[in-house]
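Have a look at data.pdb below; it lists PDB, C-alpha atoms.
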```pdb
ATOM      1  CA  MET A   1       8.443 -15.991   9.832
ATOM      2  CA  PRO A   2       7.845 -16.031   6.057
ATOM      3  CA  ASN A   3      10.372 -14.021   4.099
ATOM      4  CA  ARG A   4       9.497 -10.280   4.080
ATOM      5  CA  MET A   5       5.917 -10.715   5.330
ATOM      6  CA  PRO A   6       4.613  -7.175   5.953
ATOM      7  CA  VAL A   7       3.576  -6.363   9.520
ATOM      8  CA  ILE A   8      -0.016  -5.354   8.749
ATOM      9  CA  THR A   9      -2.299  -7.567   6.687
ATOM     10  CA  PHE A  10      -5.313  -6.326   4.734
ATOM     11  CA  GLY A  11      -8.154  -8.835   5.179
ATOM     12  CA  THR A  12     -10.647  -9.545   2.397
ATOM     13  CA  ALA A  13     -13.282 -11.690   4.152
ATOM     14  CA  CYS A  14     -16.721 -10.049   4.107
ATOM     15  CA  SER A  15     -20.352 -11.065   4.259
ATOM     16  CA  PRO A  16     -22.384 -10.359   2.279
ATOM     17  CA  ILE A  17     -19.763 -10.085  -0.428
ATOM     18  CA  PRO A  18     -19.866  -6.800  -2.406
ATOM     19  CA  PRO A  19     -19.835  -6.703  -6.240
ATOM     20  CA  PRO A  20     -16.466  -7.477  -7.906
ATOM     21  CA  ASP A  21     -15.987  -3.916  -9.208
ATOM     22  CA  PHE A  22     -16.379  -2.524  -5.689
ATOM     23  CA  LEU A  23     -13.867  -5.027  -4.316
ATOM     24  CA  ILE A  24     -11.327  -4.276  -7.056
ATOM     25  CA  SER A  25     -11.645  -0.549  -6.355
ATOM     26  CA  THR A  26     -11.302  -1.143  -2.592
ATOM     27  CA  PHE A  27      -8.204  -3.303  -2.973
ATOM     28  CA  MET A  28      -6.708  -0.686  -5.298
ATOM     29  CA  ASP A  29      -7.340   1.946  -2.612
ATOM     30  CA  ALA A  30      -5.596  -0.287  -0.074
ATOM     31  CA  ILE A  31      -2.554  -0.588  -2.339
ATOM     32  CA  LYS A  32      -2.542   3.191  -2.915
ATOM     33  CA  VAL A  33      -2.448   3.988   0.815
ATOM     34  CA  GLY A  34       0.321   1.481   1.490
ATOM     35  CA  TYR A  35      -0.964  -2.042   2.171
ATOM     36  CA  ARG A  36       1.306  -4.746   0.772
ATOM     37  CA  HIS A  37      -0.021  -7.932   2.406
ATOM     38  CA  PHE A  38      -3.443  -9.223   1.392
ATOM     39  CA  ASP A  39      -5.201 -12.155   3.031
ATOM     40  CA  THR A  40      -7.742 -14.090   0.990
ATOM     41  CA  ALA A  41      -9.123 -17.658   0.861
ATOM     42  CA  SER A  42     -11.080 -19.818  -1.522
ATOM     43  CA  ILE A  43     -14.132 -19.642   0.763
ATOM     44  CA  TYR A  44     -14.037 -15.802   0.805
ATOM     45  CA  ASP A  45     -14.649 -15.617  -2.964
ATOM     46  CA  THR A  46     -12.294 -12.616  -3.149
ATOM     47  CA  GLU A  47      -9.320 -14.207  -4.925
ATOM     48  CA  GLU A  48     -10.393 -13.086  -8.398
ATOM     49  CA  PRO A  49     -11.032  -9.394  -7.585
ATOM     50  CA  LEU A  50      -7.815  -9.270  -5.548
ATOM     51  CA  GLY A  51      -5.860 -10.674  -8.479
ATOM     52  CA  GLN A  52      -7.423  -8.119 -10.814
ATOM     53  CA  ALA A  53      -6.569  -5.293  -8.409
ATOM     54  CA  ILE A  54      -2.933  -6.439  -8.276
ATOM     55  CA  ALA A  55      -2.816  -6.651 -12.086
ATOM     56  CA  GLN A  56      -4.226  -3.122 -12.398
ATOM     57  CA  ALA A  57      -1.821  -1.812  -9.748
ATOM     58  CA  LEU A  58       1.088  -3.230 -11.754
ATOM     59  CA  GLN A  59      -0.310  -1.764 -14.959
ATOM     60  CA  GLN A  60      -0.681   1.683 -13.389
ATOM     61  CA  GLY A  61       2.736   1.586 -11.757
ATOM     62  CA  LEU A  62       1.383   1.654  -8.193
ATOM     63  CA  ILE A  63       3.669  -1.301  -7.550
ATOM     64  CA  LYS A  64       6.782  -2.027  -9.584
ATOM     65  CA  ASN A  65       6.625  -5.823  -9.599
ATOM     66  CA  ARG A  66       4.827  -8.863  -8.201
ATOM     67  CA  GLU A  67       7.408  -9.198  -5.427
ATOM     68  CA  GLU A  68       6.171  -5.967  -3.816
ATOM     69  CA  VAL A  69       2.885  -7.605  -2.811
ATOM     70  CA  PHE A  70       2.563 -10.464  -0.319
ATOM     71  CA  VAL A  71      -0.495 -12.653  -0.956
ATOM     72  CA  THR A  72      -1.897 -15.227   1.479
ATOM     73  CA  SER A  73      -4.636 -17.667   0.520
ATOM     74  CA  LYS A  74      -6.159 -20.649   2.283
ATOM     75  CA  LEU A  75      -7.227 -24.219   1.621
ATOM     76  CA  TRP A  76     -10.911 -24.725   2.396
ATOM     77  CA  CYS A  77     -12.071 -27.808   4.320
ATOM     78  CA  SER A  78     -13.754 -29.512   1.344
ATOM     79  CA  ASP A  79     -10.330 -29.523  -0.340
ATOM     80  CA  GLY A  80      -8.691 -30.795   2.860
ATOM     81  CA  HIS A  81      -7.979 -34.170   1.247
ATOM     82  CA  PRO A  82      -4.344 -34.998   0.374
ATOM     83  CA  ASN A  83      -5.148 -35.485  -3.319
ATOM     84  CA  LEU A  84      -7.075 -32.210  -3.569
ATOM     85  CA  VAL A  85      -4.576 -29.791  -1.980
ATOM     86  CA  LEU A  86      -2.432 -29.144  -5.060
ATOM     87  CA  PRO A  87      -5.422 -28.831  -7.433
ATOM     88  CA  ALA A  88      -7.037 -26.397  -4.971
ATOM     89  CA  LEU A  89      -3.932 -24.201  -4.914
ATOM     90  CA  LYS A  90      -3.691 -24.272  -8.705
ATOM     91  CA  LYS A  91      -7.328 -23.184  -8.892
ATOM     92  CA  ALA A  92      -6.620 -20.341  -6.451
ATOM     93  CA  LEU A  93      -3.615 -19.218  -8.500
ATOM     94  CA  LYS A  94      -5.721 -19.198 -11.668
ATOM     95  CA  LYS A  95      -8.317 -16.977  -9.959
ATOM     96  CA  LEU A  96      -5.586 -14.697  -8.620
ATOM     97  CA  GLY A  97      -3.789 -14.612 -11.952
ATOM     98  CA  LEU A  98      -0.516 -15.346 -10.149
ATOM     99  CA  ASP A  99       2.283 -17.875 -10.552
ATOM    100  CA  TYR A 100       2.593 -18.347  -6.784
ATOM    101  CA  VAL A 101       1.200 -17.238  -3.430
ATOM    102  CA  ASP A 102       3.568 -16.019  -0.760
ATOM    103  CA  LEU A 103       1.757 -17.984   1.933
ATOM    104  CA  TYR A 104      -0.745 -20.854   1.735
ATOM    105  CA  LEU A 105      -2.590 -21.915   4.876
ATOM    106  CA  ILE A 106      -4.774 -24.828   5.919
ATOM    107  CA  HIS A 107      -7.878 -22.820   6.842
ATOM    108  CA  TRP A 108      -9.128 -25.167   9.602
ATOM    109  CA  PRO A 109      -8.005 -28.533  11.013
ATOM    110  CA  VAL A 110     -11.226 -29.878   9.514
ATOM    111  CA  ARG A 111     -12.097 -32.030   6.506
ATOM    112  CA  LEU A 112     -15.426 -31.949   4.691
ATOM    113  CA  LYS A 113     -16.780 -34.199   1.987
ATOM    114  CA  GLU A 114     -15.719 -33.091  -1.477
ATOM    115  CA  GLU A 115     -17.887 -30.401  -3.078
ATOM    116  CA  SER A 116     -19.321 -29.337   0.308
ATOM    117  CA  SER A 117     -20.203 -25.644   0.344
ATOM    118  CA  PHE A 118     -19.863 -23.099   3.156
ATOM    119  CA  TYR A 119     -23.348 -24.191   4.250
ATOM    120  CA  PHE A 120     -22.378 -27.809   4.797
ATOM    121  CA  LYS A 121     -24.306 -30.493   6.674
ATOM    122  CA  LYS A 122     -23.098 -32.167   9.850
ATOM    123  CA  GLU A 123     -22.806 -35.483   7.999
ATOM    124  CA  ASP A 124     -20.249 -33.826   5.681
ATOM    125  CA  LEU A 125     -17.712 -33.651   8.533
ATOM    126  CA  LEU A 126     -14.896 -36.203   8.204
ATOM    127  CA  PRO A 127     -11.794 -37.018  10.290
ATOM    128  CA  PHE A 128      -8.945 -34.658   9.425
ATOM    129  CA  ASP A 129      -5.909 -36.315   7.831
ATOM    130  CA  MET A 130      -3.291 -33.945   9.214
ATOM    131  CA  ARG A 131      -0.254 -35.883   8.040
ATOM    132  CA  GLY A 132      -1.468 -36.501   4.497
ATOM    133  CA  THR A 133      -2.776 -32.959   4.061
ATOM    134  CA  TRP A 134       0.440 -31.399   5.338
ATOM    135  CA  GLU A 135       2.563 -33.592   3.056
ATOM    136  CA  ALA A 136       0.507 -32.234   0.148
ATOM    137  CA  MET A 137       1.080 -28.679   1.437
ATOM    138  CA  GLU A 138       4.829 -29.398   1.505
ATOM    139  CA  GLU A 139       4.610 -30.517  -2.119
ATOM    140  CA  CYS A 140       3.037 -27.137  -2.974
ATOM    141  CA  SER A 141       6.056 -25.497  -1.347
ATOM    142  CA  ARG A 142       8.586 -27.704  -3.132
ATOM    143  CA  LEU A 143       6.948 -26.894  -6.471
ATOM    144  CA  GLY A 144       7.348 -23.182  -5.756
ATOM    145  CA  LEU A 145       3.605 -22.543  -5.954
ATOM    146  CA  ALA A 146       3.589 -21.401  -2.316
ATOM    147  CA  LYS A 147       6.680 -19.606  -1.031
ATOM    148  CA  SER A 148       5.690 -20.441   2.550
ATOM    149  CA  ILE A 149       3.067 -22.731   4.062
ATOM    150  CA  GLY A 150       1.243 -22.625   7.357
ATOM    151  CA  VAL A 151      -1.981 -23.217   9.212
ATOM    152  CA  SER A 152      -4.956 -21.364  10.631
ATOM    153  CA  ASN A 153      -7.015 -22.016  13.761
ATOM    154  CA  PHE A 154      -4.594 -24.662  15.087
ATOM    155  CA  SER A 155      -4.274 -25.310  18.838
ATOM    156  CA  ILE A 156      -1.017 -26.061  20.663
ATOM    157  CA  LYS A 157      -1.813 -29.787  20.592
ATOM    158  CA  LYS A 158      -2.492 -29.788  16.858
ATOM    159  CA  LEU A 159       0.652 -27.778  16.158
ATOM    160  CA  SER A 160       2.650 -30.270  18.251
ATOM    161  CA  GLN A 161       1.202 -33.170  16.251
ATOM    162  CA  LEU A 162       2.057 -31.397  13.011
ATOM    163  CA  LEU A 163       5.609 -30.533  14.053
ATOM    164  CA  ALA A 164       6.229 -34.177  14.990
ATOM    165  CA  HIS A 165       6.122 -35.267  11.351
ATOM    166  CA  ALA A 166       6.538 -32.075   9.300
ATOM    167  CA  THR A 167       9.541 -31.854   6.983
ATOM    168  CA  ILE A 168       8.750 -28.187   6.429
ATOM    169  CA  PRO A 169       7.418 -26.641   9.655
ATOM    170  CA  PRO A 170       4.476 -24.231   9.440
ATOM    171  CA  ALA A 171       5.657 -20.638   9.050
ATOM    172  CA  VAL A 172       2.439 -19.075  10.344
ATOM    173  CA  ASN A 173      -0.571 -19.858  12.524
ATOM    174  CA  GLN A 174      -3.426 -17.462  11.765
ATOM    175  CA  VAL A 175      -5.784 -17.328  14.730
ATOM    176  CA  GLN A 176      -8.302 -15.073  16.423
ATOM    177  CA  MET A 177      -6.349 -12.671  18.597
ATOM    178  CA  ASN A 178      -7.139  -9.297  20.133
ATOM    179  CA  PRO A 179      -7.197  -7.757  23.655
ATOM    180  CA  SER A 180     -10.382  -9.695  24.451
ATOM    181  CA  TRP A 181      -8.871 -13.028  23.293
ATOM    182  CA  LYS A 182      -5.176 -12.796  24.033
ATOM    183  CA  GLN A 183      -4.034 -16.345  23.127
ATOM    184  CA  THR A 184      -1.145 -16.029  25.599
ATOM    185  CA  LYS A 185      -0.210 -19.739  25.834
ATOM    186  CA  LEU A 186      -0.580 -20.314  22.099
ATOM    187  CA  ARG A 187       1.549 -17.269  21.290
ATOM    188  CA  LYS A 188       4.280 -18.493  23.652
ATOM    189  CA  PHE A 189       4.282 -21.941  22.013
ATOM    190  CA  CYS A 190       4.419 -20.426  18.524
ATOM    191  CA  SER A 191       7.272 -18.110  19.507
ATOM    192  CA  GLU A 192       9.274 -21.015  20.954
ATOM    193  CA  ASN A 193       8.789 -22.988  17.727
ATOM    194  CA  GLY A 194       9.485 -20.261  15.199
ATOM    195  CA  ILE A 195       5.858 -19.900  14.106
ATOM    196  CA  GLN A 196       4.583 -16.373  13.396
ATOM    197  CA  VAL A 197       1.131 -15.569  14.758
ATOM    198  CA  ASN A 198      -1.081 -13.720  12.271
ATOM    199  CA  ALA A 199      -3.905 -12.146  14.275
ATOM    200  CA  GLY A 200      -7.366 -12.412  12.760
ATOM    201  CA  SER A 201     -10.433 -10.738  14.306
ATOM    202  CA  SER A 202      -8.016  -8.067  15.508
ATOM    203  CA  LEU A 203     -10.863  -5.613  16.054
ATOM    204  CA  GLY A 204     -13.484  -8.196  17.024
ATOM    205  CA  ALA A 205     -14.484  -8.964  13.409
ATOM    206  CA  THR A 206     -18.117  -7.985  13.528
ATOM    207  CA  GLY A 207     -19.941  -9.849  10.794
ATOM    208  CA  THR A 208     -22.907 -11.941   9.831
ATOM    209  CA  PHE A 209     -21.395 -15.201  11.049
ATOM    210  CA  TRP A 210     -18.975 -14.284  13.797
ATOM    211  CA  GLY A 211     -17.536 -11.549  15.943
ATOM    212  CA  SER A 212     -18.805  -8.939  18.356
ATOM    213  CA  CYS A 213     -18.415  -5.278  19.311
ATOM    214  CA  VAL A 214     -16.424  -6.209  22.409
ATOM    215  CA  ILE A 215     -13.253  -4.437  21.201
ATOM    216  CA  MET A 216     -14.731  -1.269  19.748
ATOM    217  CA  LYS A 217     -17.033  -0.797  22.764
ATOM    218  CA  SER A 218     -14.485  -1.680  25.447
ATOM    219  CA  PRO A 219     -14.465   1.103  28.098
ATOM    220  CA  ILE A 220     -10.829   0.316  28.892
ATOM    221  CA  LEU A 221      -9.718   0.676  25.270
ATOM    222  CA  GLN A 222     -11.899   3.754  24.812
ATOM    223  CA  ASP A 223     -10.299   5.441  27.831
ATOM    224  CA  ILE A 224      -6.764   4.632  26.635
ATOM    225  CA  ALA A 225      -7.578   5.827  23.119
ATOM    226  CA  LYS A 226      -8.994   9.124  24.392
ATOM    227  CA  ALA A 227      -5.986   9.752  26.621
ATOM    228  CA  LYS A 228      -3.512   9.045  23.809
ATOM    229  CA  GLY A 229      -5.412  10.836  21.056
ATOM    230  CA  LYS A 230      -5.721   7.573  19.116
ATOM    231  CA  SER A 231      -8.636   5.469  17.916
ATOM    232  CA  VAL A 232      -9.778   2.310  19.703
ATOM    233  CA  ALA A 233      -8.751   0.358  16.596
ATOM    234  CA  GLN A 234      -5.225   1.788  16.762
ATOM    235  CA  ILE A 235      -4.892   0.826  20.429
ATOM    236  CA  SER A 236      -5.970  -2.762  19.713
ATOM    237  CA  LEU A 237      -3.686  -3.076  16.680
ATOM    238  CA  ARG A 238      -0.733  -1.558  18.541
ATOM    239  CA  TRP A 239      -1.286  -4.013  21.408
ATOM    240  CA  ILE A 240      -1.212  -6.944  18.946
ATOM    241  CA  TYR A 241       1.954  -5.580  17.344
ATOM    242  CA  GLU A 242       3.659  -5.188  20.726
ATOM    243  CA  GLN A 243       2.886  -8.853  21.488
ATOM    244  CA  GLY A 244       4.918  -9.866  18.431
ATOM    245  CA  ALA A 245       1.944 -10.830  16.250
ATOM    246  CA  THR A 246       0.998  -9.370  12.873
ATOM    247  CA  PRO A 247      -2.554  -7.964  12.810
ATOM    248  CA  ILE A 248      -5.102  -8.465  10.044
ATOM    249  CA  VAL A 249      -7.266  -5.408   9.484
ATOM    250  CA  LYS A 250     -10.278  -4.979   7.247
ATOM    251  CA  SER A 251     -11.951  -1.723   6.418
ATOM    252  CA  PHE A 252     -13.423  -0.611   3.130
ATOM    253  CA  ASN A 253     -13.317   3.008   4.313
ATOM    254  CA  LYS A 254     -10.239   4.775   2.969
ATOM    255  CA  GLU A 255      -9.782   7.030   6.021
ATOM    256  CA  ARG A 256      -9.860   4.038   8.366
ATOM    257  CA  MET A 257      -7.521   2.132   6.044
ATOM    258  CA  ILE A 258      -4.973   4.911   6.546
ATOM    259  CA  GLU A 259      -5.659   5.127  10.283
ATOM    260  CA  ASN A 260      -5.089   1.374  10.731
ATOM    261  CA  LEU A 261      -1.593   1.729   9.278
ATOM    262  CA  GLN A 262      -0.632   4.426  11.796
ATOM    263  CA  ILE A 263       0.363   2.208  14.717
ATOM    264  CA  PHE A 264       4.099   2.830  14.649
ATOM    265  CA  ASN A 265       6.333   5.505  16.227
ATOM    266  CA  TRP A 266       4.404   5.394  19.507
ATOM    267  CA  GLU A 267       3.836   2.764  22.176
ATOM    268  CA  LEU A 268       1.618   1.695  25.041
ATOM    269  CA  SER A 269       2.838   2.361  28.564
ATOM    270  CA  ASN A 270       3.164  -0.374  31.197
ATOM    271  CA  GLU A 271       0.168   1.126  32.973
ATOM    272  CA  GLU A 272      -1.909   0.954  29.787
ATOM    273  CA  LEU A 273      -0.816  -2.634  29.170
ATOM    274  CA  ASP A 274      -1.861  -3.534  32.720
ATOM    275  CA  LYS A 275      -5.295  -2.053  32.069
ATOM    276  CA  ILE A 276      -5.624  -4.016  28.825
ATOM    277  CA  ASN A 277      -4.780  -7.187  30.752
ATOM    278  CA  GLN A 278      -7.933  -6.617  32.814
ATOM    279  CA  ILE A 279     -10.222  -6.954  29.764
ATOM    280  CA  PRO A 280     -12.447 -10.056  30.189
ATOM    281  CA  GLN A 281     -11.595 -12.891  27.793
ATOM    282  CA  CYS A 282     -14.142 -14.209  25.318
ATOM    283  CA  ARG A 283     -13.578 -16.237  22.152
ATOM    284  CA  GLY A 284     -15.233 -14.648  19.126
ATOM    285  CA  PHE A 285     -15.933 -17.410  16.598
ATOM    286  CA  THR A 286     -16.238 -20.654  18.558
ATOM    287  CA  GLY A 287     -16.201 -23.074  15.645
ATOM    288  CA  GLU A 288     -19.589 -24.451  16.715
ATOM    289  CA  VAL A 289     -20.366 -25.134  13.061
ATOM    290  CA  PHE A 290     -17.704 -27.897  13.063
ATOM    291  CA  ILE A 291     -19.164 -29.694  16.079
ATOM    292  CA  SER A 292     -21.291 -32.816  15.625
ATOM    293  CA  PRO A 293     -22.256 -35.716  17.950
ATOM    294  CA  GLN A 294     -21.166 -38.148  15.213
ATOM    295  CA  GLY A 295     -18.286 -36.035  13.861
ATOM    296  CA  PRO A 296     -14.549 -35.936  14.638
ATOM    297  CA  TYR A 297     -15.117 -33.029  17.058
ATOM    298  CA  ARG A 298     -17.994 -33.627  19.457
ATOM    299  CA  SER A 299     -17.513 -30.462  21.488
ATOM    300  CA  ILE A 300     -15.930 -27.043  21.164
ATOM    301  CA  GLU A 301     -13.361 -28.186  23.742
ATOM    302  CA  GLU A 302     -12.316 -31.065  21.444
ATOM    303  CA  LEU A 303     -11.906 -28.712  18.475
ATOM    304  CA  TRP A 304      -9.602 -26.390  20.423
ATOM    305  CA  ASP A 305      -8.057 -29.166  22.584
ATOM    306  CA  GLU A 306      -9.120 -27.492  25.795
ATOM    307  CA  LEU A 307      -9.649 -29.397  29.045
TER
END
```

Represent the structure of the file as structure tokens.
Amino acid sequence: MPNRMPVITFGTACSPIPPPDFLISTFMDAIKVGYRHFDTASIYDTEEPLGQAIAQALQQGLIKNREEVFVTSKLWCSDGHPNLVLPALKKALKKLGLDYVDLYLIHWPVRLKEESSFYFKKEDLLPFDMRGTWEAMEECSRLGLAKSIGVSNFSIKKLSQLLAHATIPPAVNQVQMNPSWKQTKLRKFCSENGIQVNAGSSLGATGTFWGSCVIMKSPILQDIAKAKGKSVAQISLRWIYEQGATPIVKSFNKERMIENLQIFNWELSNEELDKINQIPQCRGFTGEVFISPQGPYRSIEELWDEL
């Protein structure tokens, strides 16, 4: 696990993206109520406002020094070329106004043609050079520009391939994980190999491009929440925490920001855990956008290495 990575991560992905001033104010609120780990990415377009919020928090004395905040950013697929990894991180650091990130992740095991946008074409999909890209990530670590390095959306097979040649093993695998997508086998593999699971879509991640209401509307979670005097979100986040993963939460509502931090000093009973295990499993974001008949992944099963 990366050094001193806080248990709860504040996510910054949103669509449509709000104005910069709103984001800066929101991130400042998150710092004020106690968040110390922020997850961003080049594709989120939130690096700059996050950096400004951190600068203002330092200026106002909300945090004493840079070391009090843990910042994760991610390499987008169009920069997933060995020669573009370091320049991409330097660009991210410039936007953030920081000398280093605490954690830098490969966003997807996918490579796109250079300059491809979020709305890329199928012909922009290229074979992923895992070895070359990871060697460039290791260089970022050796230069001190990323304190830790890791991956996102990697399957067991892809992690195994990476570990076979990695000099610096990935510290983190950020994946979709919640009671409706438990990732049991992947979590076991990560635990056995010293890789921390960072749980994205922890509350189902409702959004324009992915997610569903399956968590917030789950009758099982609603019943448990009512019985315990907690919110459905708190039950889901506590479940993730009890599995040994670190949840990513995202709310721009200050009351819910505070609520999402209140998952400690209580626990789920064995009976409640058994009920949660009965929740039907359904992947949120399938990765369909990365599938192409002529591309490196011709089916969703190939992307996730499922039989």

Just give me the gap between CA of Lys275 in chain A and CA of Lys188 in chain A in Å, one decimal is fine.
->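 Interatomic distance here is 20.8 Å.
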
Matched chain/residue IDs from the PyMOL selection byres ((chain A and resi 121) around 12), as a PyMOL selection string = chain A and resi 78+112-113+115-120+122-126+289-292+294-295

Pull the neighbourhood of (-7.0, -21.7, -10.8) for me: all residues within 12 Å in file coordinates, counting all atoms listed in the file, as a PyMOL selection string.
-> chain A and resi 42+47-48+51+86-101+145

So what do you get for CA of Asp305 in chain A versus CA of Asn153 in chain A, distance-wise?
-> 11.4 Å

From the list A:Asp21, A:Asp29, A:Asp45, A:Glu139, which residue is nearest Lys254 in chain A when using all atoms listed in the file?
-> A:Asp29

Counting only C-alpha atoms, the residue of A:Thr167, A:Ser152, A:Gln161, A:Asn198 that sits nearest Trp108 in chain A | A:Ser152

Within 8 Å of Ile248 in chain A, counting all atoms listed in the file, which residues show up once you throw out same-chain ones fewer than 2 positions away? Write them as a list in words, please.
-> Ile8, Thr9, Phe10, Gly11, Asp39, Asn198, Ala199, Gly200, Ser201, Ser202, Thr246 and Lys250 of chain A

Find the axis-aligned box for range 147-152 of chain A, covering all its listed atoms and adding 3 Å on each side, and write its centre and edge lengths in Å to one decimal as JSON.
```
{"center_x": 0.9, "center_y": -21.4, "center_z": 4.8, "size_x": 17.6, "size_y": 9.6, "size_z": 17.7}
```
